[in-house]
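K.L.:
Handing you a structure now.
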Amino acid sequence: MESSSPSVPFPQLLGPVESTYRPCTIPYRFPSDNPRKATPVEIQWIELFLNSVPSFKQRAESDPTVPDAPAKAEKFAQRLRELILRELGFRDIFKKVKDEENAKAMTLFEGVVQRNDEIEDDGRRVENLVRGVLAGNIFDLGSAQLAEVFAKDGMSFLASCQNLVSRPWVVDDLDAFVSKWTKKSWEKAVIFVDNSGADIILGILPFARELLRRGTKVVLAANDMPSINDVTYPELIEIINKLKDADGKLAGVDASDLIVANSGNDLPVIDLSSVSPELAFMANDADLVVLEGMGRAIETNLYAQMKCDSIKIGMVKHPEVAQFLGGRLYDCVFKFNEA
């Protein structure tokens, strides 16, 4: 991580962190593997990252904030990703597309929450909100296939909600969560957010708004620095300020207990043994932790154990992850654990 801030373990991790927590869901190699030879899984992931380079190069070429962007983009394409981009002066090559998608999603926000509010049954409403989180999570330019689709004609949020793969999902604890939701309210929830656009605005924020309406304090933990199209801490503050009305309400719901925190992270995945002290302080009394997105919820923390209730939610957007989990590409993960 490039952030200069000190880091501390996330306080809701079940300890001792040093021996019980490993931010890696998929085993890339085993002790029996030849240390001098790449494993098939390692090769798969190297190919996955290589396949994303052309879309990164295309974004970098059109970055108006960097002199000689095309030449530097070509130089980047011959080397690595975020680290080299920053070394060459590209701070956030996805800034333009993030701003565009945020603007589009904000025009749809009121309609999305209105449709949720019209569902009178608590269980059906929360299931609809969860489906919205999963549908929003499709907006991910870290996937080469999805980046190509967005470059052509974008995606419809409502169509995505309707076209989620059928249940049961590859990890499906939704019924257990709905049952708990109708019987329990949490005091404070910490939600590790993922992408800009439909993901944060049409997926996470309606879910967070529903928690607020039920009396839960909500902390949204966002990246310190840009990584692919993940929403950053400053961007999320700006988004929420634009969505609030003059009375500080989010589509009619008091948002005074909605807080944005800097996670201290600068990657599309997250190591919970190293978060910002600010976030750790805010999360110390949380009784619900939500990790969203393939990188944070599935690839690094699917099996992370918490002291409090937890949700890991995201869409499976890489064939390698689908194969490991025994599911389908674009399958869904909703893992709910009670403390």
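Chains: A, B, ... in order of the structure tokens. Residues: from 1 per chain. Ligands: from 1, in order shown.
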Each residue of range 12-71 of chain A lying at most 10 Å from range 269-282 of chain A should get a row with its shortest atom-to-atom pair and the distance in Å to one decimal, counting only C-alpha atoms; could you produce that, ordered by chain and increasing number, as CSV?
P.N.:
residue,atom,partner,partner_atom,distance
A:Gln12,CA,A:Ala280,CA,8.6
A:Leu13,CA,A:Leu272,CA,7.7
A:Val17,CA,A:Ser273,CA,7.0
A:Glu18,CA,A:Ser273,CA,8.3
A:Tyr21,CA,A:Ser273,CA,7.9
A:Arg22,CA,A:Asp271,CA,8.2
A:Pro23,CA,A:Asp271,CA,5.5
A:Cys24,CA,A:Asp271,CA,8.7
K.L.:
Could you give me the residues within range 130-213 of chain A that DSSP places in strand (DSSP E), as number ranges by chain?
P.N.:
A: 171-172, 188-192
K.L.:
Need to verify the contact set: Tyr303 in chain A, 12 Å, only C-alpha atoms, exclusion of same-chain residues closer than 6 positions in sequence. Can you return it as a PDB file with all heavy atoms, in the first residue's frame?
P.N.:
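Dumped everything to out_4.pdb:
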ATOM      1  N   LEU A  13     -12.099  -8.512  13.553  1.00  0.00           N
ATOM      2  CA  LEU A  13     -11.539  -9.808  13.171  1.00  0.00           C
ATOM      3  C   LEU A  13     -11.406 -10.689  14.403  1.00  0.00           C
ATOM      4  O   LEU A  13     -10.955 -10.234  15.460  1.00  0.00           O
ATOM      5  CB  LEU A  13     -10.161  -9.641  12.535  1.00  0.00           C
ATOM      6  CG  LEU A  13     -10.075  -9.265  11.060  1.00  0.00           C
ATOM      7  CD1 LEU A  13      -8.624  -9.060  10.677  1.00  0.00           C
ATOM      8  CD2 LEU A  13     -10.720 -10.327  10.177  1.00  0.00           C
ATOM      9  N   LEU A  14     -11.779 -11.947  14.271  1.00  0.00           N
ATOM     10  CA  LEU A  14     -11.606 -12.893  15.369  1.00  0.00           C
ATOM     11  C   LEU A  14     -10.127 -13.201  15.510  1.00  0.00           C
ATOM     12  O   LEU A  14      -9.458 -13.594  14.556  1.00  0.00           O
ATOM     13  CB  LEU A  14     -12.397 -14.175  15.075  1.00  0.00           C
ATOM     14  CG  LEU A  14     -12.630 -15.137  16.235  1.00  0.00           C
ATOM     15  CD1 LEU A  14     -13.491 -14.475  17.313  1.00  0.00           C
ATOM     16  CD2 LEU A  14     -13.323 -16.402  15.738  1.00  0.00           C
ATOM     17  N   THR A  20      -4.955 -16.667  12.898  1.00  0.00           N
ATOM     18  CA  THR A  20      -6.271 -17.129  12.445  1.00  0.00           C
ATOM     19  C   THR A  20      -6.754 -16.455  11.175  1.00  0.00           C
ATOM     20  O   THR A  20      -7.708 -16.926  10.559  1.00  0.00           O
ATOM     21  CB  THR A  20      -7.333 -16.902  13.538  1.00  0.00           C
ATOM     22  OG1 THR A  20      -7.419 -15.493  13.821  1.00  0.00           O
ATOM     23  CG2 THR A  20      -6.985 -17.659  14.806  1.00  0.00           C
ATOM     24  N   TYR A  21      -6.112 -15.358  10.758  1.00  0.00           N
ATOM     25  CA  TYR A  21      -6.603 -14.611   9.596  1.00  0.00           C
ATOM     26  C   TYR A  21      -5.626 -14.700   8.427  1.00  0.00           C
ATOM     27  O   TYR A  21      -4.428 -14.441   8.583  1.00  0.00           O
ATOM     28  CB  TYR A  21      -6.822 -13.140   9.954  1.00  0.00           C
ATOM     29  CG  TYR A  21      -7.212 -12.277   8.760  1.00  0.00           C
ATOM     30  CD1 TYR A  21      -8.429 -12.462   8.114  1.00  0.00           C
ATOM     31  CD2 TYR A  21      -6.353 -11.292   8.291  1.00  0.00           C
ATOM     32  CE1 TYR A  21      -8.783 -11.677   7.027  1.00  0.00           C
ATOM     33  CE2 TYR A  21      -6.697 -10.496   7.208  1.00  0.00           C
ATOM     34  CZ  TYR A  21      -7.915 -10.701   6.577  1.00  0.00           C
ATOM     35  OH  TYR A  21      -8.266  -9.934   5.494  1.00  0.00           O
ATOM     36  N   ARG A  22      -6.163 -15.061   7.274  1.00  0.00           N
ATOM     37  CA  ARG A  22      -5.358 -15.101   6.047  1.00  0.00           C
ATOM     38  C   ARG A  22      -6.181 -14.490   4.923  1.00  0.00           C
ATOM     39  O   ARG A  22      -7.194 -15.068   4.523  1.00  0.00           O
ATOM     40  CB  ARG A  22      -4.978 -16.541   5.699  1.00  0.00           C
ATOM     41  CG  ARG A  22      -4.049 -16.670   4.490  1.00  0.00           C
ATOM     42  CD  ARG A  22      -3.510 -18.090   4.375  1.00  0.00           C
ATOM     43  NE  ARG A  22      -2.614 -18.203   3.247  1.00  0.00           N
ATOM     44  CZ  ARG A  22      -2.960 -18.675   2.046  1.00  0.00           C
ATOM     45  NH1 ARG A  22      -4.205 -19.078   1.846  1.00  0.00           N
ATOM     46  NH2 ARG A  22      -2.086 -18.752   1.067  1.00  0.00           N
ATOM     47  N   PRO A  23      -5.779 -13.329   4.405  1.00  0.00           N
ATOM     48  CA  PRO A  23      -6.575 -12.648   3.377  1.00  0.00           C
ATOM     49  C   PRO A  23      -6.391 -13.253   1.989  1.00  0.00           C
ATOM     50  O   PRO A  23      -5.963 -12.580   1.042  1.00  0.00           O
ATOM     51  CB  PRO A  23      -6.058 -11.210   3.451  1.00  0.00           C
ATOM     52  CG  PRO A  23      -4.635 -11.363   3.853  1.00  0.00           C
ATOM     53  CD  PRO A  23      -4.589 -12.542   4.784  1.00  0.00           C
ATOM     54  N   CYS A  24      -6.708 -14.518   1.868  1.00  0.00           N
ATOM     55  CA  CYS A  24      -6.554 -15.199   0.589  1.00  0.00           C
ATOM     56  C   CYS A  24      -7.484 -16.408   0.582  1.00  0.00           C
ATOM     57  O   CYS A  24      -7.255 -17.368   1.328  1.00  0.00           O
ATOM     58  CB  CYS A  24      -5.100 -15.633   0.392  1.00  0.00           C
ATOM     59  SG  CYS A  24      -4.802 -16.443  -1.188  1.00  0.00           S
ATOM     60  N   THR A  25      -8.530 -16.341  -0.222  1.00  0.00           N
ATOM     61  CA  THR A  25      -9.521 -17.418  -0.249  1.00  0.00           C
ATOM     62  C   THR A  25      -9.057 -18.595  -1.094  1.00  0.00           C
ATOM     63  O   THR A  25      -9.212 -19.754  -0.712  1.00  0.00           O
ATOM     64  CB  THR A  25     -10.858 -16.882  -0.812  1.00  0.00           C
ATOM     65  OG1 THR A  25     -11.316 -15.805   0.025  1.00  0.00           O
ATOM     66  CG2 THR A  25     -11.916 -17.974  -0.854  1.00  0.00           C
ATOM     67  N   ILE A  26      -8.487 -18.291  -2.261  1.00  0.00           N
ATOM     68  CA  ILE A  26      -8.091 -19.333  -3.203  1.00  0.00           C
ATOM     69  C   ILE A  26      -6.646 -19.732  -2.967  1.00  0.00           C
ATOM     70  O   ILE A  26      -5.750 -18.874  -3.005  1.00  0.00           O
ATOM     71  CB  ILE A  26      -8.282 -18.843  -4.651  1.00  0.00           C
ATOM     72  CG1 ILE A  26      -9.744 -18.453  -4.886  1.00  0.00           C
ATOM     73  CG2 ILE A  26      -7.840 -19.903  -5.653  1.00  0.00           C
ATOM     74  CD1 ILE A  26      -9.996 -17.791  -6.216  1.00  0.00           C
ATOM     75  N   VAL A 171     -22.965 -19.544  -3.151  1.00  0.00           N
ATOM     76  CA  VAL A 171     -23.003 -19.429  -1.686  1.00  0.00           C
ATOM     77  C   VAL A 171     -24.272 -18.647  -1.383  1.00  0.00           C
ATOM     78  O   VAL A 171     -24.392 -17.486  -1.789  1.00  0.00           O
ATOM     79  CB  VAL A 171     -21.770 -18.703  -1.121  1.00  0.00           C
ATOM     80  CG1 VAL A 171     -21.868 -18.599   0.408  1.00  0.00           C
ATOM     81  CG2 VAL A 171     -20.471 -19.411  -1.513  1.00  0.00           C
ATOM     82  N   LEU A 291     -18.820  -6.977   3.767  1.00  0.00           N
ATOM     83  CA  LEU A 291     -17.762  -6.852   2.762  1.00  0.00           C
ATOM     84  C   LEU A 291     -18.405  -7.097   1.408  1.00  0.00           C
ATOM     85  O   LEU A 291     -19.051  -8.128   1.198  1.00  0.00           O
ATOM     86  CB  LEU A 291     -16.644  -7.860   3.013  1.00  0.00           C
ATOM     87  CG  LEU A 291     -15.759  -7.543   4.209  1.00  0.00           C
ATOM     88  CD1 LEU A 291     -15.486  -8.787   5.023  1.00  0.00           C
ATOM     89  CD2 LEU A 291     -14.454  -6.918   3.750  1.00  0.00           C
ATOM     90  N   ARG A 296     -12.877  -7.910  -2.325  1.00  0.00           N
ATOM     91  CA  ARG A 296     -12.884  -7.808  -0.869  1.00  0.00           C
ATOM     92  C   ARG A 296     -13.661  -8.936  -0.189  1.00  0.00           C
ATOM     93  O   ARG A 296     -13.228  -9.469   0.830  1.00  0.00           O
ATOM     94  CB  ARG A 296     -13.482  -6.457  -0.457  1.00  0.00           C
ATOM     95  CG  ARG A 296     -12.612  -5.272  -0.846  1.00  0.00           C
ATOM     96  CD  ARG A 296     -13.352  -3.942  -0.666  1.00  0.00           C
ATOM     97  NE  ARG A 296     -12.556  -2.841  -1.184  1.00  0.00           N
ATOM     98  CZ  ARG A 296     -12.473  -2.510  -2.469  1.00  0.00           C
ATOM     99  NH1 ARG A 296     -13.148  -3.197  -3.363  1.00  0.00           N
ATOM    100  NH2 ARG A 296     -11.721  -1.503  -2.861  1.00  0.00           N
ATOM    101  N   ALA A 297     -14.822  -9.283  -0.761  1.00  0.00           N
ATOM    102  CA  ALA A 297     -15.697 -10.247  -0.092  1.00  0.00           C
ATOM    103  C   ALA A 297     -15.378 -11.693  -0.434  1.00  0.00           C
ATOM    104  O   ALA A 297     -15.523 -12.576   0.414  1.00  0.00           O
ATOM    105  CB  ALA A 297     -17.154  -9.959  -0.450  1.00  0.00           C
ATOM    106  N   SER A 310     -21.692 -11.001  10.198  1.00  0.00           N
ATOM    107  CA  SER A 310     -21.005 -10.540   8.984  1.00  0.00           C
ATOM    108  C   SER A 310     -21.699 -11.038   7.727  1.00  0.00           C
ATOM    109  O   SER A 310     -22.367 -12.075   7.727  1.00  0.00           O
ATOM    110  CB  SER A 310     -19.542 -11.006   8.976  1.00  0.00           C
ATOM    111  OG  SER A 310     -19.467 -12.420   8.878  1.00  0.00           O
ATOM    112  N   ILE A 311     -21.545 -10.240   6.678  1.00  0.00           N
ATOM    113  CA  ILE A 311     -22.046 -10.583   5.344  1.00  0.00           C
ATOM    114  C   ILE A 311     -20.900 -10.425   4.370  1.00  0.00           C
ATOM    115  O   ILE A 311     -20.175  -9.425   4.396  1.00  0.00           O
ATOM    116  CB  ILE A 311     -23.199  -9.654   4.918  1.00  0.00           C
ATOM    117  CG1 ILE A 311     -24.403  -9.802   5.846  1.00  0.00           C
ATOM    118  CG2 ILE A 311     -23.605  -9.926   3.471  1.00  0.00           C
ATOM    119  CD1 ILE A 311     -25.464  -8.732   5.638  1.00  0.00           C
ATOM    120  N   LYS A 312     -20.721 -11.405   3.502  1.00  0.00           N
ATOM    121  CA  LYS A 312     -19.814 -11.289   2.368  1.00  0.00           C
ATOM    122  C   LYS A 312     -20.689 -11.411   1.118  1.00  0.00           C
ATOM    123  O   LYS A 312     -21.349 -12.432   0.914  1.00  0.00           O
ATOM    124  CB  LYS A 312     -18.754 -12.396   2.378  1.00  0.00           C
ATOM    125  CG  LYS A 312     -17.662 -12.236   3.452  1.00  0.00           C
ATOM    126  CD  LYS A 312     -18.171 -12.608   4.829  1.00  0.00           C
ATOM    127  CE  LYS A 312     -17.047 -12.598   5.869  1.00  0.00           C
ATOM    128  NZ  LYS A 312     -16.367 -13.882   5.917  1.00  0.00           N
ATOM    129  N   LYS A 335     -22.902 -14.701   1.751  1.00  0.00           N
ATOM    130  CA  LYS A 335     -22.506 -15.501   2.913  1.00  0.00           C
ATOM    131  C   LYS A 335     -22.824 -14.713   4.183  1.00  0.00           C
ATOM    132  O   LYS A 335     -22.344 -13.593   4.362  1.00  0.00           O
ATOM    133  CB  LYS A 335     -21.007 -15.814   2.852  1.00  0.00           C
ATOM    134  CG  LYS A 335     -20.513 -16.759   3.951  1.00  0.00           C
ATOM    135  CD  LYS A 335     -19.061 -17.119   3.721  1.00  0.00           C
ATOM    136  CE  LYS A 335     -18.506 -18.004   4.828  1.00  0.00           C
ATOM    137  NZ  LYS A 335     -19.203 -19.304   4.933  1.00  0.00           N
ATOM    138  N   PHE A 336     -23.658 -15.282   5.040  1.00  0.00           N
ATOM    139  CA  PHE A 336     -24.054 -14.622   6.288  1.00  0.00           C
ATOM    140  C   PHE A 336     -23.645 -15.487   7.464  1.00  0.00           C
ATOM    141  O   PHE A 336     -23.963 -16.671   7.514  1.00  0.00           O
ATOM    142  CB  PHE A 336     -25.562 -14.393   6.313  1.00  0.00           C
ATOM    143  CG  PHE A 336     -26.094 -13.872   7.625  1.00  0.00           C
ATOM    144  CD1 PHE A 336     -25.637 -12.679   8.137  1.00  0.00           C
ATOM    145  CD2 PHE A 336     -27.057 -14.589   8.330  1.00  0.00           C
ATOM    146  CE1 PHE A 336     -26.123 -12.189   9.353  1.00  0.00           C
ATOM    147  CE2 PHE A 336     -27.546 -14.114   9.547  1.00  0.00           C
ATOM    148  CZ  PHE A 336     -27.078 -12.911  10.060  1.00  0.00           C
ATOM    149  N   ASN A 337     -22.892 -14.892   8.380  1.00  0.00           N
ATOM    150  CA  ASN A 337     -22.467 -15.597   9.600  1.00  0.00           C
ATOM    151  C   ASN A 337     -22.902 -14.811  10.822  1.00  0.00           C
ATOM    152  O   ASN A 337     -22.691 -13.595  10.889  1.00  0.00           O
ATOM    153  CB  ASN A 337     -20.956 -15.770   9.626  1.00  0.00           C
ATOM    154  CG  ASN A 337     -20.458 -16.739   8.574  1.00  0.00           C
ATOM    155  OD1 ASN A 337     -19.874 -16.346   7.577  1.00  0.00           O
ATOM    156  ND2 ASN A 337     -20.681 -18.024   8.788  1.00  0.00           N
TER     157      ASN A 337
END
K.L.:
Extract, using only C-alpha atoms, all DNA, RNA and protein residues at most 12 Å from Asn163 in chain A, discarding same-chain residues fewer than 6 positions from it, and format them as a VMD selection string.
P.N.:
chain A and resid 131 to 132 134 to 136 138 155 to 157 330 to 332
K.L.:
Store the residues of this selection in a file with N, CA and C atoms, as a compact mmCIF listing (two decimals), in the first residue's frame.
P.N.:
# COMPACT_ATOMS: atom_id res chain seq x y z
N ARG A 131 -30.58 -8.07 -3.88
CA ARG A 131 -30.47 -8.27 -5.32
C ARG A 131 -29.94 -7.00 -6.01
N GLY A 132 -30.31 -5.84 -5.47
CA GLY A 132 -29.80 -4.59 -6.01
C GLY A 132 -28.31 -4.44 -5.80
N LEU A 134 -26.16 -6.90 -5.59
CA LEU A 134 -25.51 -7.83 -6.53
C LEU A 134 -25.56 -7.31 -7.96
N ALA A 135 -26.70 -6.73 -8.35
CA ALA A 135 -26.81 -6.18 -9.70
C ALA A 135 -25.86 -5.01 -9.90
N GLY A 136 -25.77 -4.14 -8.89
CA GLY A 136 -24.86 -3.00 -8.98
C GLY A 136 -23.42 -3.43 -9.07
N ILE A 138 -22.10 -5.59 -10.77
CA ILE A 138 -21.68 -5.95 -12.13
C ILE A 138 -20.80 -4.85 -12.72
N MET A 155 -24.57 -0.89 -19.22
CA MET A 155 -25.49 -1.91 -18.74
C MET A 155 -26.67 -1.26 -18.05
N SER A 156 -27.81 -1.91 -18.12
CA SER A 156 -29.01 -1.42 -17.46
C SER A 156 -29.09 -2.00 -16.06
N PHE A 157 -29.24 -1.14 -15.06
CA PHE A 157 -29.32 -1.62 -13.69
C PHE A 157 -30.56 -2.48 -13.47
N TYR A 330 -20.65 -15.24 -13.24
CA TYR A 330 -21.69 -14.29 -12.86
C TYR A 330 -22.67 -14.88 -11.85
N ASP A 331 -22.25 -15.93 -11.17
CA ASP A 331 -23.00 -16.46 -10.04
C ASP A 331 -22.89 -15.45 -8.89
N CYS A 332 -23.68 -15.65 -7.86
CA CYS A 332 -23.70 -14.72 -6.74
C CYS A 332 -23.26 -15.39 -5.45
K.L.:
With only C-alpha atoms as the basis for distance, which of A:Asn265, A:Ser185, A:Asn284, A:Asn102 is at the shortest distance from Arg213 in chain A?
P.N.:
A:Ser185
K.L.:
Give me, as a CSV table (one decimal) with N, CA and C atoms, in the first residue's frame, all polymer residues having an atom no more than 10 Å from Ala103 in chain A, counting only C-alpha atoms and skipping those fewer than 3 positions away in the same chain.
P.N.:
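The file below, selection21.csv, is the result:
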chain,number,residue,atom,x,y,z
A,97,VAL,N,-14.7,7.9,-16.5
A,97,VAL,CA,-15.8,6.9,-16.6
A,97,VAL,C,-16.5,6.8,-15.3
A,98,LYS,N,-15.8,6.9,-14.2
A,98,LYS,CA,-16.5,6.9,-12.8
A,98,LYS,C,-17.4,8.1,-12.7
A,99,ASP,N,-16.9,9.3,-13.1
A,99,ASP,CA,-17.8,10.5,-12.9
A,99,ASP,C,-19.0,10.3,-13.8
A,100,GLU,N,-18.9,9.8,-15.0
A,100,GLU,CA,-20.0,9.6,-15.9
A,100,GLU,C,-21.0,8.6,-15.3
A,106,MET,N,-27.0,8.6,-10.2
A,106,MET,CA,-27.6,9.5,-9.3
A,106,MET,C,-29.0,9.9,-9.8
A,107,THR,N,-29.2,9.9,-11.1
A,107,THR,CA,-30.5,10.3,-11.7
A,107,THR,C,-31.5,9.1,-11.5
A,108,LEU,N,-31.0,7.9,-11.2
A,108,LEU,CA,-31.9,6.8,-11.0
A,108,LEU,C,-32.1,6.5,-9.5
A,197,GLY,N,-20.4,4.3,-9.5
A,197,GLY,CA,-21.6,4.1,-10.4
A,197,GLY,C,-22.7,3.4,-9.7
A,198,ALA,N,-23.4,2.5,-10.5
A,198,ALA,CA,-24.5,1.7,-10.0
A,198,ALA,C,-24.2,0.9,-8.7
A,201,ILE,N,-24.2,3.6,-5.7
A,201,ILE,CA,-25.3,4.5,-5.7
A,201,ILE,C,-26.6,3.7,-5.7
A,239,ILE,N,-20.5,12.1,-3.5
A,239,ILE,CA,-21.7,11.5,-4.0
A,239,ILE,C,-22.8,11.6,-2.9
K.L.:
Report as a list in words all protein, DNA and RNA residues lying within 8 Å of Pro206 in chain A, evaluated on only C-alpha atoms, omitting residues in the same chain fewer than 5 positions from it.
P.N.:
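Listed by chain and then number, they are Val112, Val113, Leu129 and Ile201 of chain A.
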K.L.:
Give me, as a list of chain:residue names, all polymer residues having an atom no more than 6 Å from Thr232 in chain A, counting only C-alpha atoms and skipping those fewer than 2 positions away in the same chain.
P.N.:
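Counting only C-alpha atoms, the residues come to A:Ala222, A:Asn223, A:Asp224, A:Pro234, A:Glu235.
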K.L.:
Those selected residues, please, written with N, CA, C and O atoms and delivered as a compact mmCIF listing (two decimals), in the first residue's frame.
P.N.:
# COMPACT_ATOMS: atom_id res chain seq x y z
N ALA A 222 -14.36 3.25 2.39
CA ALA A 222 -13.96 3.34 0.98
C ALA A 222 -12.45 3.48 0.86
O ALA A 222 -11.75 3.91 1.79
N ASN A 223 -11.94 3.15 -0.31
CA ASN A 223 -10.50 3.20 -0.59
C ASN A 223 -9.90 4.58 -0.36
O ASN A 223 -10.52 5.60 -0.67
N ASP A 224 -8.67 4.57 0.11
CA ASP A 224 -7.90 5.80 0.28
C ASP A 224 -7.49 6.36 -1.08
O ASP A 224 -7.57 7.57 -1.32
N PRO A 234 -12.82 10.36 -0.95
CA PRO A 234 -13.32 11.70 -1.31
C PRO A 234 -14.50 11.65 -2.27
O PRO A 234 -15.42 12.46 -2.17
N GLU A 235 -14.47 10.71 -3.23
CA GLU A 235 -15.57 10.59 -4.18
C GLU A 235 -16.88 10.22 -3.49
O GLU A 235 -17.94 10.73 -3.83
K.L.:
Enumerate as a ChimeraX atom specification all residues of range 36-227 of chain A assigned to helix (DSSP H, G or I) by DSSP on the backbone, naming them with the chain letters and numbers the document uses.
P.N.:
/A:40-61,69-77,82-87,95-117,122-136,144-152,157-162,174-181,198-213
K.L.:
Measure the distance from CA of Lys249 in chain A to CA of Ile191 in chain A in Å and round it to one decimal.
P.N.:
19.4 Å
K.L.:
Which residue out of A:Gln44, A:Thr39, A:Asn128, A:Asn229 has the minimum interatomic distance to Val321 in chain A when only C-alpha atoms are used?
P.N.:
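Selected residue with least distance to Val321 in chain A: A:Gln44.
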K.L.:
Can you tell me how far CA of Ile43 in chain A sits from CA of Gln58 in chain A, in Å to one decimal?
P.N.:
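Atom-to-atom, CA of Ile43 in chain A and CA of Gln58 in chain A are spaced 24.3 Å apart.
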